[in-house]
file target-v2.cif (mmCIF, C-alpha atoms)
data_my_file
#
loop_
_atom_site.label_atom_id
_atom_site.label_comp_id
_atom_site.auth_asym_id
_atom_site.auth_seq_id
_atom_site.Cartn_x
_atom_site.Cartn_y
_atom_site.Cartn_z
CA MET A 1 -0.09 13.24 31.98
CA LEU A 2 2.12 13.41 28.88
CA ASN A 3 -0.82 12.47 26.67
CA GLU A 4 -2.93 15.30 28.14
CA TRP A 5 -0.13 17.78 27.64
CA LEU A 6 0.51 16.69 24.05
CA LEU A 7 -3.20 16.89 23.24
CA SER A 8 -3.44 20.39 24.75
CA PHE A 9 -0.46 21.48 22.68
CA ALA A 10 -2.01 19.98 19.53
CA ARG A 11 -5.34 21.71 20.21
CA TRP A 12 -3.51 25.00 20.75
CA LEU A 13 -1.81 24.60 17.34
CA ASP A 14 -5.15 23.64 15.83
CA SER A 15 -6.66 26.92 17.05
CA PHE A 16 -4.52 28.91 14.63
CA ALA A 17 -6.36 29.99 11.49
CA TRP A 18 -3.27 29.11 9.43
CA SER A 19 -3.46 25.49 10.52
CA THR A 20 -6.99 25.15 9.13
CA GLU A 21 -6.14 27.17 6.03
CA ILE A 22 -3.23 24.86 5.11
CA HIS A 23 -5.32 21.78 5.78
CA GLU A 24 -8.26 23.00 3.74
CA SER A 25 -6.22 24.45 0.89
CA PHE A 26 -6.08 21.75 -1.74
CA TYR A 27 -3.04 23.06 -3.60
CA LEU A 28 -0.98 24.33 -0.64
CA TYR A 29 -1.35 21.11 1.33
CA ALA A 30 -0.67 18.98 -1.75
CA TRP A 31 2.45 20.99 -2.61
CA ILE A 32 3.80 20.77 0.93
CA GLU A 33 3.23 17.01 0.94
CA SER A 34 4.83 16.65 -2.51
CA THR A 35 7.83 18.68 -1.30
CA HIS A 36 8.05 16.39 1.72
CA VAL A 37 8.12 13.28 -0.50
CA LEU A 38 10.65 14.78 -2.94
CA THR A 39 12.99 15.86 -0.14
CA ILE A 40 12.74 12.33 1.28
CA MET A 41 14.16 11.24 -2.08
CA VAL A 42 17.08 13.65 -1.66
CA PHE A 43 17.80 12.82 1.97
CA LEU A 44 17.16 9.09 1.99
CA GLY A 45 18.63 8.69 -1.49
CA MET A 46 21.97 10.14 -0.36
CA LEU A 47 21.83 8.11 2.84
CA PHE A 48 21.29 4.93 0.80
CA VAL A 49 24.46 5.63 -1.18
CA ILE A 50 26.53 6.27 1.99
CA ASP A 51 25.16 3.15 3.68
CA LEU A 52 25.72 1.02 0.58
CA ARG A 53 29.40 2.06 0.70
CA MET A 54 29.54 1.19 4.40
CA LEU A 55 28.03 -2.22 3.63
CA GLY A 56 30.66 -2.78 0.92
CA LEU A 57 27.99 -2.85 -1.82
CA ALA A 58 28.91 0.28 -3.80
CA PHE A 59 31.95 2.51 -4.40
CA VAL A 60 34.25 -0.15 -2.92
CA ASP A 61 37.29 1.47 -4.64
CA VAL A 62 36.59 4.88 -3.11
CA PRO A 63 37.51 5.67 0.53
CA ALA A 64 34.41 5.43 2.73
CA SER A 65 35.08 8.80 4.38
CA LYS A 66 35.22 10.51 0.98
CA ILE A 67 31.75 9.25 0.01
CA SER A 68 30.39 10.19 3.42
CA GLU A 69 31.92 13.69 3.47
CA ARG A 70 31.00 14.60 -0.11
CA LEU A 71 27.37 13.50 0.20
CA ASP A 72 26.90 14.95 3.67
CA LYS A 73 25.97 18.48 2.60
CA PRO A 74 23.26 17.61 0.00
CA MET A 75 21.93 14.99 2.42
CA MET A 76 21.62 17.56 5.21
CA ILE A 77 19.96 20.06 2.84
CA GLY A 78 17.42 17.35 1.99
CA PHE A 79 17.00 16.58 5.68
CA ALA A 80 16.39 20.24 6.61
CA LEU A 81 13.77 20.69 3.88
CA MET A 82 12.16 17.38 4.83
CA VAL A 83 11.88 18.46 8.48
CA ILE A 84 10.52 21.92 7.59
CA SER A 85 7.87 20.50 5.22
CA GLY A 86 7.10 17.81 7.83
CA LEU A 87 6.52 20.45 10.50
CA PHE A 88 4.10 22.24 8.18
CA LEU A 89 2.23 18.97 7.61
CA PHE A 90 2.03 18.43 11.37
CA PHE A 91 0.88 22.03 11.88
CA ALA A 92 -1.90 21.49 9.31
CA ILE A 93 -3.31 18.42 11.13
CA PRO A 94 -1.97 18.59 14.70
CA VAL A 95 -4.64 16.77 16.72
CA ARG A 96 -5.00 13.69 14.53
CA SER A 97 -1.21 13.46 14.08
CA THR A 98 -0.61 13.68 17.83
CA GLN A 99 -3.14 10.91 18.37
CA SER A 100 -1.70 8.66 15.67
CA ILE A 101 0.18 5.58 16.88
CA TRP A 102 2.15 5.62 13.63
CA PHE A 103 3.22 9.21 14.11
CA ARG A 104 4.37 8.39 17.64
CA ILE A 105 6.38 5.38 16.46
CA LYS A 106 7.83 7.57 13.71
CA VAL A 107 9.04 10.15 16.23
CA VAL A 108 10.66 7.41 18.38
CA LEU A 109 12.38 5.95 15.29
CA LEU A 110 13.51 9.45 14.28
CA ILE A 111 15.18 9.94 17.66
CA ALA A 112 16.81 6.49 17.45
CA ALA A 113 18.00 7.18 13.89
CA GLY A 114 19.41 10.54 15.03
CA ILE A 115 21.39 8.92 17.87
CA ASN A 116 22.64 6.21 15.50
CA ALA A 117 23.68 8.86 12.96
CA PHE A 118 25.59 10.78 15.64
CA LEU A 119 27.50 7.67 16.77
CA PHE A 120 28.05 6.60 13.17
CA ARG A 121 29.55 9.97 12.22
CA ARG A 122 31.91 9.84 15.17
CA LYS A 123 33.15 6.41 14.12
CA MET A 124 33.49 7.69 10.55
CA LYS A 125 35.76 10.52 11.65
CA GLN A 126 37.95 8.00 13.48
CA ALA A 127 38.10 5.84 10.36
CA LYS A 128 40.67 7.78 8.34
CA GLY A 129 43.86 5.75 7.99
CA ASP A 130 42.24 2.76 9.65
CA TRP A 131 39.73 0.84 7.51
CA ASP A 132 38.77 3.78 5.31
CA THR A 133 40.06 2.22 2.10
CA ASP A 134 38.89 -1.34 2.86
CA ARG A 135 36.51 -2.64 0.22
CA VAL A 136 34.29 -4.01 2.98
CA PRO A 137 34.33 -2.01 6.25
CA PRO A 138 34.53 -3.81 9.63
CA LYS A 139 31.49 -5.53 11.06
CA ARG A 140 30.65 -2.77 13.57
CA MET A 141 30.37 -0.25 10.72
CA ARG A 142 28.27 -2.59 8.62
CA VAL A 143 25.95 -3.14 11.57
CA GLY A 144 25.71 0.64 12.02
CA ALA A 145 24.92 1.11 8.32
CA GLY A 146 22.34 -1.67 8.39
CA LEU A 147 20.75 -0.16 11.49
CA SER A 148 20.72 3.27 9.86
CA LEU A 149 18.95 1.88 6.79
CA ALA A 150 16.45 -0.07 8.89
CA LEU A 151 15.63 2.90 11.13
CA TRP A 152 15.16 5.35 8.28
CA ILE A 153 13.09 2.89 6.28
CA GLY A 154 11.02 2.50 9.46
CA VAL A 155 10.61 6.29 9.64
CA ILE A 156 9.41 6.41 6.03
CA MET A 157 7.07 3.46 6.48
CA THR A 158 5.44 4.73 9.65
CA GLY A 159 5.21 8.18 8.04
CA ARG A 160 3.26 6.67 5.15
CA THR A 161 1.01 4.70 7.51
CA ILE A 162 -0.17 7.87 9.29
CA ALA A 163 -2.65 8.23 6.41
CA TYR A 164 -4.41 4.99 7.43
CA ASP A 165 -7.11 5.20 10.13
CA TRP A 166 -6.73 1.63 11.46
CA PHE A 167 -5.98 2.79 15.02
CA ASP A 168 -7.57 6.24 15.07
CA CYS A 169 -9.29 7.32 18.28
CA HIS A 170 -12.79 7.10 16.78
CA LYS A 171 -12.30 3.34 16.32
CA GLU A 172 -13.17 0.83 19.03
CA LEU A 173 -9.80 -0.12 20.49
CA PRO A 174 -8.45 -1.78 23.65
CA TYR A 175 -7.59 0.63 26.50
CA PHE A 176 -3.87 0.04 25.98
CA MET A 177 -4.12 1.14 22.34
CA TYR A 178 -6.03 4.28 23.37
CA TRP A 179 -3.22 5.02 25.82
CA LEU A 180 -0.56 4.36 23.18
CA ALA A 181 -2.29 6.66 20.71
CA GLY A 182 -3.02 9.30 23.37
CA CYS A 183 -6.81 9.10 22.95
CA VAL A 184 -7.41 11.07 26.16
CA ASP A 185 -11.19 11.55 25.79
CA GLU A 186 -11.81 7.90 24.89
CA MET A 187 -9.77 6.76 27.90
CA ALA A 188 -11.78 9.05 30.18
CA ALA A 189 -15.02 7.62 28.80
CA LEU A 190 -13.87 4.09 29.70
CA ASP A 191 -12.70 5.02 33.24
CA MET B 1 -4.86 2.25 -29.05
CA ASP B 2 -7.24 1.75 -26.17
CA LEU B 3 -5.54 0.09 -23.21
CA LEU B 4 -8.70 -0.26 -21.14
CA PHE B 5 -8.71 -4.05 -21.59
CA ILE B 6 -5.39 -4.29 -19.69
CA PHE B 7 -6.86 -2.39 -16.75
CA GLU B 8 -10.05 -4.48 -16.86
CA TRP B 9 -7.92 -7.63 -16.77
CA LEU B 10 -5.82 -6.23 -13.91
CA ASP B 11 -9.00 -5.31 -12.03
CA THR B 12 -10.15 -8.94 -12.02
CA SER B 13 -6.73 -10.54 -11.51
CA ILE B 14 -5.49 -12.33 -8.40
CA LEU B 15 -3.36 -9.26 -7.65
CA ALA B 16 -6.52 -7.16 -7.41
CA ASP B 17 -8.15 -9.77 -5.14
CA MET B 18 -5.16 -9.52 -2.78
CA SER B 19 -4.70 -5.76 -2.88
CA LYS B 20 -8.42 -5.10 -2.32
CA ALA B 21 -8.93 -7.73 0.38
CA TYR B 22 -5.81 -7.12 2.44
CA GLY B 23 -5.35 -3.43 3.27
CA GLY B 24 -2.23 -4.22 5.29
CA VAL B 25 -0.52 -5.92 2.34
CA PHE B 26 -1.40 -2.96 0.11
CA ALA B 27 0.07 -0.56 2.68
CA VAL B 28 3.32 -2.53 2.97
CA VAL B 29 3.72 -2.64 -0.82
CA GLN B 30 3.03 1.10 -0.93
CA MET B 31 5.84 1.67 1.60
CA VAL B 32 8.23 -0.50 -0.40
CA HIS B 33 7.31 1.59 -3.47
CA LEU B 34 8.16 4.78 -1.59
CA VAL B 35 11.49 3.44 -0.27
CA ALA B 36 12.47 2.26 -3.78
CA LEU B 37 11.54 5.71 -5.09
CA ALA B 38 13.91 7.28 -2.56
CA MET B 39 16.65 4.91 -3.66
CA LEU B 40 16.04 5.74 -7.32
CA GLY B 41 16.13 9.44 -6.46
CA GLY B 42 19.46 9.02 -4.68
CA THR B 43 21.11 7.16 -7.56
CA VAL B 44 19.82 9.69 -10.11
CA LEU B 45 20.94 12.70 -8.06
CA VAL B 46 24.41 11.36 -7.20
CA SER B 47 25.04 10.27 -10.77
CA ASP B 48 23.71 13.40 -12.47
CA LEU B 49 25.21 15.88 -10.03
CA ARG B 50 28.57 14.18 -10.65
CA LEU B 51 28.12 14.62 -14.41
CA LEU B 52 27.45 18.31 -13.72
CA GLY B 53 30.62 18.48 -11.60
CA VAL B 54 28.67 19.50 -8.48
CA LEU B 55 29.15 16.36 -6.38
CA LEU B 56 32.03 13.90 -5.84
CA SER B 57 34.18 15.85 -8.28
CA ASP B 58 37.32 14.09 -6.98
CA VAL B 59 35.93 10.67 -7.93
CA SER B 60 35.91 9.70 -11.62
CA SER B 61 32.49 10.22 -13.21
CA GLU B 62 32.76 6.76 -14.84
CA SER B 63 33.09 5.18 -11.40
CA VAL B 64 30.14 7.15 -9.99
CA VAL B 65 27.87 6.38 -12.95
CA ASN B 66 28.80 2.67 -12.99
CA ASN B 67 28.25 2.30 -9.25
CA MET B 68 24.88 4.01 -9.39
CA ASP B 69 23.56 2.30 -12.54
CA ARG B 70 23.21 -1.10 -10.88
CA TRP B 71 21.25 0.27 -7.92
CA PHE B 72 19.15 2.42 -10.22
CA SER B 73 18.03 -0.73 -12.06
CA VAL B 74 17.26 -2.52 -8.78
CA ALA B 75 15.15 0.45 -7.61
CA LEU B 76 13.34 0.70 -10.96
CA ILE B 77 12.42 -3.01 -10.94
CA VAL B 78 11.07 -2.74 -7.36
CA ILE B 79 9.11 0.40 -8.30
CA ALA B 80 7.60 -1.30 -11.36
CA LEU B 81 6.62 -4.50 -9.52
CA SER B 82 5.17 -2.73 -6.50
CA GLY B 83 3.49 -0.22 -8.82
CA VAL B 84 1.65 -2.95 -10.75
CA PHE B 85 0.39 -4.43 -7.47
CA MET B 86 -0.77 -1.03 -6.20
CA SER B 87 -2.47 -0.27 -9.53
CA SER B 88 -4.45 -3.49 -9.34
CA ALA B 89 -6.39 -2.17 -6.33
CA VAL B 90 -7.80 0.79 -8.29
CA ALA B 91 -7.13 -0.23 -11.89
CA ILE B 92 -10.24 1.21 -13.55
CA LYS B 93 -10.03 4.45 -11.54
CA LEU B 94 -6.41 4.89 -12.60
CA TYR B 95 -7.29 4.40 -16.25
CA TYR B 96 -9.34 7.60 -16.07
CA ASN B 97 -6.76 9.51 -13.99
CA GLU B 98 -4.75 12.09 -15.96
CA MET B 99 -1.90 12.22 -13.42
CA PHE B 100 -1.48 8.47 -13.67
CA TRP B 101 -0.95 8.79 -17.42
CA ALA B 102 1.45 11.70 -16.91
CA LYS B 103 3.47 9.46 -14.61
CA MET B 104 3.33 6.47 -16.97
CA ILE B 105 4.45 8.57 -19.94
CA GLY B 106 7.26 10.04 -17.80
CA LEU B 107 8.26 6.56 -16.63
CA PHE B 108 8.24 5.20 -20.18
CA PHE B 109 10.37 8.08 -21.49
CA GLY B 110 12.62 7.91 -18.43
CA ALA B 111 13.34 4.20 -18.89
CA ALA B 112 13.85 4.62 -22.66
CA PHE B 113 16.13 7.60 -22.02
CA VAL B 114 18.25 5.68 -19.51
CA TYR B 115 18.61 2.41 -21.41
CA PHE B 116 18.71 3.66 -25.02
CA ILE B 117 20.42 7.07 -24.75
CA ARG B 118 22.15 7.70 -21.43
CA ARG B 119 23.84 4.36 -20.82
CA PRO B 120 25.05 3.76 -24.41
CA LEU B 121 26.50 7.28 -24.49
CA LEU B 122 28.13 7.07 -21.05
CA ARG B 123 29.81 3.75 -21.92
CA HIS B 124 32.43 5.83 -23.76
CA PRO B 125 35.21 7.47 -21.71
CA HIS B 126 33.59 10.62 -20.36
CA ASP B 127 36.51 12.87 -21.29
CA THR B 128 35.85 12.04 -24.95
CA ILE B 129 32.23 13.24 -24.69
CA ASN B 130 31.37 16.90 -25.22
CA VAL B 131 30.93 18.50 -21.79
CA TRP B 132 27.64 20.10 -22.84
CA SER B 133 26.30 16.70 -23.92
CA LEU B 134 27.09 15.38 -20.42
CA ARG B 135 25.38 18.36 -18.81
CA LEU B 136 22.35 18.01 -21.08
CA ILE B 137 22.10 14.30 -20.23
CA ALA B 138 22.30 15.05 -16.50
CA ILE B 139 19.75 17.88 -16.51
CA SER B 140 17.30 15.94 -18.73
CA SER B 141 17.61 12.92 -16.44
CA MET B 142 16.86 14.93 -13.29
CA ILE B 143 13.89 16.70 -14.90
CA ILE B 144 12.40 13.42 -16.16
CA TRP B 145 12.68 11.59 -12.83
CA PHE B 146 11.51 14.63 -10.84
CA THR B 147 8.42 14.74 -13.08
CA VAL B 148 7.79 11.01 -12.60
CA ALA B 149 8.04 11.30 -8.80
CA ALA B 150 5.96 14.47 -8.53
CA SER B 151 3.20 13.26 -10.87
CA GLY B 152 3.16 9.96 -8.96
CA ARG B 153 2.42 11.81 -5.73
CA TRP B 154 -0.31 13.83 -7.41
CA ILE B 155 -2.20 10.69 -8.45
CA GLY B 156 -3.40 10.59 -4.86
CA PHE B 157 -4.62 14.18 -4.97
CA SER B 158 -6.45 14.04 -8.30
#

call {"tool": "encode", "arguments": {"input": "target-v2.cif", "output": "structure tokens"}}
result
Amino acid sequence: MLNEWLLSFARWLDSFAWSTEIHESFYLYAWIESTHVLTIMVFLGMLFVIDLRMLGLAFVDVPASKISERLDKPMMIGFALMVISGLFLFFAIPVRSTQSIWFRIKVVLLIAAGINAFLFRRKMKQAKGDWDTDRVPPKRMRVGAGLSLALWIGVIMTGRTIAYDWFDCHKELPYFMYWLAGCVDEMAALD
Amino acid sequence: MDLLFIFEWLDTSILADMSKAYGGVFAVVQMVHLVALAMLGGTVLVSDLRLLGVLLSDVSSESVVNNMDRWFSVALIVIALSGVFMSSAVAIKLYYNEMFWAKMIGLFFGAAFVYFIRRPLLRHPHDTINVWSLRLIAISSMIIWFTVAASGRWIGFS
């Protein structure tokens, strides 16, 4: 049911002339993708620095909350631009993206990373006067930072893998993989 | 000097055998390259924006630069190693790719700039360095690494 709905939504997006125009425009598509990659550098780069502090691997003489608060704004600017350029990329190729296993895993990881970031921020706010000036933060914060790094690296990796057609619907795949990728027509042909 | 022989050697090396035969390995190395690029971008931005007084202005610029330098070097080594592996898969094609050479020239100048100009200069106490020299260093650094990253992405489009 969800797969059918997602595919209908993707086909609706695909029916817009703008979607095809972005996809078929060499320079526009390339610039949007380049912007996406460069904003990943801004967002993930800042996140790396914050997480390295939380792991006790950088800026150990600077309060953890100071690093987090000062880098928060540029990180969120990078995040906003990354999401906007990402939405344009999805809009340019909606059907194939919707039916990509990698894209689906990426979205799940994005949600998990978002929840982790929310919980992490809340713990950060509680940190002042507690372990804020410790050279190595407590284990729960290091686990949170490690998880944050792992999830975001996962988002980047699955994002890069979308370009590969290993599990695209036109390939011969087991039924479960068709279901996972949302290959609605291929599943119907097998039923 | 014609460097074609290096690319011909790379094209027949064991690295090329691996990168051409195992698409999954190539993809993983490509992802590592991208993650290291993000890390390099973060260290460059934090360090240079501090030198410009835009970011972390209540932390000494010496501390920021020193903390970021180590991770910059780690990221650069990972980028170089993963880059050589990725190049081996399409070595001859890359030799004739203009964007590849733009990136390589940018990377060469970027590394020379960091290790022969930026770091020796920033070893001195920053308050003894002319503020415009610091700003010039920061802006040049960001432009160089932006160019390297952008031209790297355009290799795939050209």

call {"tool": "atom_distance", "arguments": {"input": "target-v2.cif", "atom1": "atom CA of Asp132 of chain A", "atom2": "atom CA of Ser65 of chain A"}}
result
6.3 Å

call {"tool": "resolve_selection", "arguments": {"input": "target-v2.cif", "expression": "the PyMOL selection byres ((chain A) within 8 of (chain B))", "output": "list in words"}}
result
Ala30, Ser34, Val37, Leu38, Ile40, Met41, Val42, Phe43, Leu44, Gly45, Met46, Leu47, Phe48, Val49, Ala58, Phe59, Val62, Ile67, Arg70, Leu71, Ile153, Ile156, Met157, Arg160 and Thr161 of chain A

call {"tool": "resolve_selection", "arguments": {"input": "target-v2.cif", "expression": "the PyMOL selection byres ((chain B and resi 87) around 12)", "output": "VMD selection string"}}
result
chain B and resid 6 to 13 15 to 20 26 29 to 30 33 79 to 86 88 to 95 97 100 104 152 155 to 156

call {"tool": "closest_residue", "arguments": {"input": "target-v2.cif", "among": "A:Ala163, A:Cys183, A:Met54, A:Leu2", "to": "Phe120 of chain A", "atoms": "only C-alpha atoms"}}
result
A:Met54

call {"tool": "residues_around", "arguments": {"input": "target-v2.cif", "residues": "segment 78-92 of chain A", "least_positions_apart": "4", "cutoff": "7 Å", "atoms": "all atoms listed in the file", "output": "list in words"}}
result
Leu13, Ser19, Thr20, Ile22, His23, Ile32, Thr35, His36, Thr39, Ile40, Val42, Phe43, Pro74 and Ser97 of chain A

call {"tool": "residues_near_point", "arguments": {"input": "target-v2.cif", "point": "(-3.5, 12.9, 15.8)", "cutoff": "12 Å", "atoms": "all atoms listed in the file", "output": "PDB file with C-alpha atoms, keeping the file's coordinate frame"}}
result
ATOM      1  CA  ASN A   3      -0.820  12.470  26.670  1.00  0.00           C
ATOM      2  CA  LEU A   6       0.510  16.690  24.050  1.00  0.00           C
ATOM      3  CA  LEU A   7      -3.200  16.890  23.240  1.00  0.00           C
ATOM      4  CA  SER A   8      -3.440  20.390  24.750  1.00  0.00           C
ATOM      5  CA  PHE A   9      -0.460  21.480  22.680  1.00  0.00           C
ATOM      6  CA  ALA A  10      -2.010  19.980  19.530  1.00  0.00           C
ATOM      7  CA  ARG A  11      -5.340  21.710  20.210  1.00  0.00           C
ATOM      8  CA  LEU A  13      -1.810  24.600  17.340  1.00  0.00           C
ATOM      9  CA  ASP A  14      -5.150  23.640  15.830  1.00  0.00           C
ATOM     10  CA  LEU A  89       2.230  18.970   7.610  1.00  0.00           C
ATOM     11  CA  PHE A  90       2.030  18.430  11.370  1.00  0.00           C
ATOM     12  CA  PHE A  91       0.880  22.030  11.880  1.00  0.00           C
ATOM     13  CA  ALA A  92      -1.900  21.490   9.310  1.00  0.00           C
ATOM     14  CA  ILE A  93      -3.310  18.420  11.130  1.00  0.00           C
ATOM     15  CA  PRO A  94      -1.970  18.590  14.700  1.00  0.00           C
ATOM     16  CA  VAL A  95      -4.640  16.770  16.720  1.00  0.00           C
ATOM     17  CA  ARG A  96      -5.000  13.690  14.530  1.00  0.00           C
ATOM     18  CA  SER A  97      -1.210  13.460  14.080  1.00  0.00           C
ATOM     19  CA  THR A  98      -0.610  13.680  17.830  1.00  0.00           C
ATOM     20  CA  GLN A  99      -3.140  10.910  18.370  1.00  0.00           C
ATOM     21  CA  SER A 100      -1.700   8.660  15.670  1.00  0.00           C
ATOM     22  CA  ILE A 101       0.180   5.580  16.880  1.00  0.00           C
ATOM     23  CA  TRP A 102       2.150   5.620  13.630  1.00  0.00           C
ATOM     24  CA  PHE A 103       3.220   9.210  14.110  1.00  0.00           C
ATOM     25  CA  ARG A 104       4.370   8.390  17.640  1.00  0.00           C
ATOM     26  CA  ILE A 162      -0.170   7.870   9.290  1.00  0.00           C
ATOM     27  CA  ALA A 163      -2.650   8.230   6.410  1.00  0.00           C
ATOM     28  CA  TYR A 164      -4.410   4.990   7.430  1.00  0.00           C
ATOM     29  CA  ASP A 165      -7.110   5.200  10.130  1.00  0.00           C
ATOM     30  CA  PHE A 167      -5.980   2.790  15.020  1.00  0.00           C
ATOM     31  CA  ASP A 168      -7.570   6.240  15.070  1.00  0.00           C
ATOM     32  CA  CYS A 169      -9.290   7.320  18.280  1.00  0.00           C
ATOM     33  CA  HIS A 170     -12.790   7.100  16.780  1.00  0.00           C
ATOM     34  CA  TYR A 178      -6.030   4.280  23.370  1.00  0.00           C
ATOM     35  CA  LEU A 180      -0.560   4.360  23.180  1.00  0.00           C
ATOM     36  CA  ALA A 181      -2.290   6.660  20.710  1.00  0.00           C
ATOM     37  CA  GLY A 182      -3.020   9.300  23.370  1.00  0.00           C
ATOM     38  CA  CYS A 183      -6.810   9.100  22.950  1.00  0.00           C
ATOM     39  CA  VAL A 184      -7.410  11.070  26.160  1.00  0.00           C
TER      40      VAL A 184
END

call {"tool": "atom_distance", "arguments": {"input": "target-v2.cif", "atom1": "atom CA of Ala17 of chain A", "atom2": "atom CA of Glu4 of chain A"}}
result
22.5 Å

call {"tool": "residues_around", "arguments": {"input": "target-v2.cif", "residues": "Arg123 of chain B", "least_positions_apart": "6", "cutoff": "12 Å", "atoms": "all atoms listed in the file", "output": "list in words"}}
result
Ser61, Glu62, Ser63, Val65, Asn66, Asp69, Val114, Tyr115, Phe116, Ile117 and Ile129 of chain B

call {"tool": "residues_around", "arguments": {"input": "target-v2.cif", "residues": "Arg135 of chain B", "least_positions_apart": "2", "cutoff": "9 Å", "atoms": "only C-alpha atoms", "output": "JSON, numbers by chain"}}
result
{"B": [48, 51, 52, 53, 130, 131, 132, 133, 137, 138, 139, 140]}

call {"tool": "atom_distance", "arguments": {"input": "target-v2.cif", "atom1": "atom CA of Arg121 of chain A", "atom2": "atom CA of Asp134 of chain A"}}
result
17.4 Å

call {"tool": "closest_residue", "arguments": {"input": "target-v2.cif", "among": "A:Met124, A:Met177, A:Val60, A:Leu147", "to": "Asp72 of chain A", "atoms": "all atoms listed in the file"}}
result
A:Met124

call {"tool": "closest_residue", "arguments": {"input": "target-v2.cif", "among": "B:Leu49, B:Ile77, B:Ala112, B:Ala102", "to": "Met142 of chain B", "atoms": "all atoms listed in the file"}}
result
B:Leu49
